[in-house]
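As structure tokens, the structure follows; a few thoughts come after it.
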Amino acid sequence: MTRDVICEAIEKRLEVSIVYSGSQRAVEPHILGYNAKGALILSAWQASGGSGQGWRDFFVDKIASITLGQTHFLARPGYNSDDSTLSQIICRLQ
């Protein structure tokens with residue numbers, strides 16, 4: 001299940017490879033939770049692919065595939081473990 005892979009990646013601080021909107025992306029998952037509308041959202045640093053590097057929010061139901069990588073990462077500047085856009089947090093970097 002995508003949710004389990006994301007939480008494992010967050011716990012182990014491992015980059016994941018995803019296909020999102022038809023594009024291959026390497027992302028560093030930081031926080032997973034539900035927004036106010038009930039959508040499951042991944043907040044991650046996009047390291048490559050898509051529209052380049054930076055913070056992105058991904059709708060988990062739109063991730064076509066996900067693969068756990070082997071590259072470790074540190075929390076990126078700007079990471080907010082209490083992201084107010086998420087009403088319920090599933091897992092997050094500590």
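Within each chain, counting starts at residue 1; across the structure tokens, chains are named A, B, ... in the order shown, with ligands numbered 1 upward in that order.
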Please return as a compact mmCIF listing (two decimals) with N, CA, C and O atoms, in the first residue's frame: the residues of chain A that backbone DSSP assigns to strand (DSSP E).
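See states.txt below for the written result:
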```txt
# COMPACT_ATOMS: atom_id res chain seq x y z
N LEU A 14 14.28 7.80 3.79
CA LEU A 14 14.71 7.33 2.48
C LEU A 14 13.91 8.02 1.37
O LEU A 14 12.69 8.18 1.48
N GLU A 15 14.61 8.41 0.33
CA GLU A 15 13.97 8.98 -0.85
C GLU A 15 13.08 7.93 -1.50
O GLU A 15 13.36 6.72 -1.42
N VAL A 16 12.01 8.37 -2.14
CA VAL A 16 11.16 7.46 -2.92
C VAL A 16 11.09 7.96 -4.36
O VAL A 16 11.25 9.15 -4.63
N SER A 17 10.85 7.03 -5.25
CA SER A 17 10.63 7.34 -6.65
C SER A 17 9.13 7.16 -6.90
O SER A 17 8.57 6.12 -6.57
N ILE A 18 8.49 8.19 -7.45
CA ILE A 18 7.06 8.10 -7.73
C ILE A 18 6.78 8.48 -9.18
O ILE A 18 7.57 9.18 -9.81
N VAL A 19 5.65 8.01 -9.67
CA VAL A 19 5.12 8.50 -10.93
C VAL A 19 3.88 9.29 -10.55
O VAL A 19 2.95 8.77 -9.92
N TYR A 20 3.90 10.58 -10.89
CA TYR A 20 2.81 11.50 -10.53
C TYR A 20 2.53 12.40 -11.72
O TYR A 20 3.45 12.98 -12.29
N SER A 23 4.72 11.80 -14.70
CA SER A 23 6.14 12.16 -14.64
C SER A 23 6.84 11.41 -13.51
O SER A 23 6.30 11.29 -12.41
N GLN A 24 8.03 10.89 -13.81
CA GLN A 24 8.86 10.22 -12.81
C GLN A 24 9.50 11.29 -11.93
O GLN A 24 10.06 12.25 -12.45
N ARG A 25 9.41 11.12 -10.62
CA ARG A 25 9.97 12.10 -9.69
C ARG A 25 10.69 11.40 -8.55
O ARG A 25 10.26 10.35 -8.10
N ALA A 26 11.76 12.01 -8.07
CA ALA A 26 12.44 11.55 -6.85
C ALA A 26 12.06 12.54 -5.76
O ALA A 26 12.28 13.75 -5.91
N VAL A 27 11.48 12.04 -4.67
CA VAL A 27 11.02 12.92 -3.61
C VAL A 27 11.50 12.43 -2.24
O VAL A 27 11.70 11.23 -2.02
N GLU A 28 11.67 13.38 -1.35
CA GLU A 28 12.05 13.12 0.03
C GLU A 28 10.80 13.37 0.89
O GLU A 28 10.47 14.53 1.17
N PRO A 29 10.10 12.32 1.29
CA PRO A 29 8.85 12.51 2.02
C PRO A 29 9.10 13.01 3.44
O PRO A 29 9.94 12.47 4.15
N HIS A 30 8.37 14.05 3.83
CA HIS A 30 8.55 14.63 5.17
C HIS A 30 7.32 14.44 6.06
O HIS A 30 7.47 14.22 7.25
N ILE A 31 6.13 14.54 5.48
CA ILE A 31 4.92 14.44 6.29
C ILE A 31 3.76 13.92 5.45
O ILE A 31 3.62 14.27 4.28
N LEU A 32 2.95 13.06 6.06
CA LEU A 32 1.78 12.48 5.39
C LEU A 32 0.57 12.70 6.29
O LEU A 32 0.61 12.41 7.49
N GLY A 33 -0.49 13.24 5.71
CA GLY A 33 -1.70 13.46 6.50
C GLY A 33 -2.89 13.83 5.62
O GLY A 33 -2.78 13.92 4.41
N TYR A 34 -4.00 14.02 6.29
CA TYR A 34 -5.25 14.38 5.61
C TYR A 34 -5.48 15.88 5.69
O TYR A 34 -5.28 16.49 6.75
N ASN A 35 -5.92 16.46 4.58
CA ASN A 35 -6.27 17.88 4.61
C ASN A 35 -7.73 18.02 5.09
O ASN A 35 -8.39 17.02 5.38
N LEU A 40 -5.77 12.53 1.29
CA LEU A 40 -4.49 12.13 1.84
C LEU A 40 -3.38 12.84 1.05
O LEU A 40 -3.30 12.69 -0.17
N ILE A 41 -2.55 13.61 1.75
CA ILE A 41 -1.54 14.46 1.13
C ILE A 41 -0.14 14.09 1.62
O ILE A 41 0.06 13.89 2.81
N LEU A 42 0.79 14.02 0.69
CA LEU A 42 2.20 13.85 1.02
C LEU A 42 2.88 15.19 0.79
O LEU A 42 2.85 15.74 -0.31
N SER A 43 3.51 15.71 1.84
CA SER A 43 4.33 16.91 1.72
C SER A 43 5.77 16.44 1.62
O SER A 43 6.26 15.73 2.51
N ALA A 44 6.43 16.81 0.53
CA ALA A 44 7.76 16.28 0.26
C ALA A 44 8.62 17.30 -0.47
O ALA A 44 8.11 18.21 -1.13
N TRP A 45 9.93 17.12 -0.34
CA TRP A 45 10.88 17.88 -1.13
C TRP A 45 11.10 17.12 -2.43
O TRP A 45 11.49 15.95 -2.41
N GLN A 46 10.77 17.74 -3.55
CA GLN A 46 11.00 17.11 -4.85
C GLN A 46 12.44 17.36 -5.26
O GLN A 46 12.84 18.51 -5.46
N ALA A 47 13.23 16.29 -5.31
CA ALA A 47 14.65 16.40 -5.63
C ALA A 47 14.89 16.45 -7.13
O ALA A 47 15.82 17.11 -7.59
N SER A 48 14.05 15.75 -7.90
CA SER A 48 14.20 15.77 -9.36
C SER A 48 12.90 15.33 -10.01
O SER A 48 12.05 14.68 -9.40
N GLY A 49 12.78 15.68 -11.29
CA GLY A 49 11.59 15.33 -12.06
C GLY A 49 10.54 16.42 -11.98
O GLY A 49 10.71 17.42 -11.28
N GLY A 54 12.05 21.47 -5.10
CA GLY A 54 11.28 22.34 -4.22
C GLY A 54 10.23 21.57 -3.44
O GLY A 54 10.03 20.37 -3.64
N TRP A 55 9.58 22.29 -2.54
CA TRP A 55 8.50 21.70 -1.74
C TRP A 55 7.28 21.47 -2.62
O TRP A 55 6.91 22.35 -3.41
N ARG A 56 6.68 20.31 -2.48
CA ARG A 56 5.46 19.98 -3.23
C ARG A 56 4.51 19.22 -2.32
O ARG A 56 4.94 18.47 -1.44
N ASP A 57 3.22 19.40 -2.56
CA ASP A 57 2.19 18.57 -1.94
C ASP A 57 1.65 17.65 -3.02
O ASP A 57 1.29 18.11 -4.11
N PHE A 58 1.60 16.36 -2.72
CA PHE A 58 1.13 15.36 -3.67
C PHE A 58 -0.13 14.70 -3.12
O PHE A 58 -0.15 14.28 -1.96
N PHE A 59 -1.17 14.61 -3.95
CA PHE A 59 -2.35 13.84 -3.59
C PHE A 59 -1.99 12.36 -3.74
O PHE A 59 -1.65 11.92 -4.83
N ILE A 63 -0.79 9.19 -7.06
CA ILE A 63 0.53 8.58 -7.25
C ILE A 63 0.31 7.24 -7.95
O ILE A 63 -0.31 6.34 -7.41
N ALA A 64 0.81 7.13 -9.19
CA ALA A 64 0.58 5.93 -10.00
C ALA A 64 1.45 4.77 -9.54
O ALA A 64 1.04 3.61 -9.62
N SER A 65 2.67 5.06 -9.08
CA SER A 65 3.55 4.01 -8.55
C SER A 65 4.53 4.65 -7.59
O SER A 65 4.82 5.85 -7.69
N ILE A 66 5.04 3.82 -6.68
CA ILE A 66 6.00 4.31 -5.69
C ILE A 66 7.00 3.20 -5.39
O ILE A 66 6.62 2.03 -5.28
N THR A 67 8.27 3.59 -5.31
CA THR A 67 9.34 2.64 -5.02
C THR A 67 10.24 3.25 -3.95
O THR A 67 10.68 4.40 -4.10
N LEU A 68 10.50 2.48 -2.92
CA LEU A 68 11.39 2.91 -1.85
C LEU A 68 12.82 2.89 -2.37
O LEU A 68 13.26 1.90 -2.96
N GLY A 69 13.53 3.98 -2.19
CA GLY A 69 14.91 4.08 -2.65
C GLY A 69 15.91 3.72 -1.57
O GLY A 69 15.54 3.21 -0.51
N GLN A 70 17.17 4.01 -1.83
CA GLN A 70 18.24 3.73 -0.88
C GLN A 70 18.99 4.99 -0.46
O GLN A 70 19.88 4.93 0.37
N THR A 71 18.61 6.14 -1.01
CA THR A 71 19.27 7.39 -0.69
C THR A 71 18.64 8.00 0.55
O THR A 71 17.44 8.25 0.59
N HIS A 72 19.47 8.23 1.58
CA HIS A 72 19.00 8.86 2.81
C HIS A 72 19.00 10.38 2.65
O HIS A 72 19.76 10.93 1.86
N LEU A 86 -2.75 20.38 7.21
CA LEU A 86 -3.16 18.99 7.43
C LEU A 86 -3.93 18.90 8.74
O LEU A 86 -3.43 19.29 9.80
N SER A 87 -5.14 18.40 8.66
CA SER A 87 -5.99 18.31 9.86
C SER A 87 -5.70 17.05 10.68
O SER A 87 -5.98 17.01 11.87
N GLN A 88 -5.13 16.03 10.03
CA GLN A 88 -4.77 14.80 10.74
C GLN A 88 -3.45 14.29 10.16
O GLN A 88 -3.34 14.06 8.96
N ILE A 89 -2.45 14.10 11.01
CA ILE A 89 -1.12 13.64 10.58
C ILE A 89 -1.05 12.12 10.77
O ILE A 89 -1.39 11.60 11.83
N ILE A 90 -0.59 11.43 9.74
CA ILE A 90 -0.42 9.97 9.79
C ILE A 90 1.00 9.63 10.25
O ILE A 90 1.21 8.83 11.14
N CYS A 91 1.99 10.23 9.59
CA CYS A 91 3.38 10.04 9.96
C CYS A 91 4.17 11.25 9.50
O CYS A 91 3.78 11.93 8.56
N ARG A 92 5.29 11.51 10.19
CA ARG A 92 6.12 12.68 9.87
C ARG A 92 7.53 12.48 10.39
O ARG A 92 7.76 11.68 11.29
```
So what do you get for atom CA of Asp83 of chain A versus atom CA of Ala39 of chain A, distance-wise?
14.7 Å
Could you pull out the residues in chain A that DSSP calls helix (DSSP H, G or I) from the backbone, as number ranges by chain?
A: 2-12, 60-62
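Interatomic distance, atom CA of Gly50 of chain A against atom CA of Gln94 of chain A: 26.9 Å.
Proximity to Arg13 of chain A was assessed for A:Thr85, A:Tyr79, A:Leu93, A:Lys37 counting only C-alpha atoms; the smallest distance is recorded for A:Leu93.
Atom CA of Ala36 of chain A is found 27.9 Å from atom CA of Leu74 of chain A.
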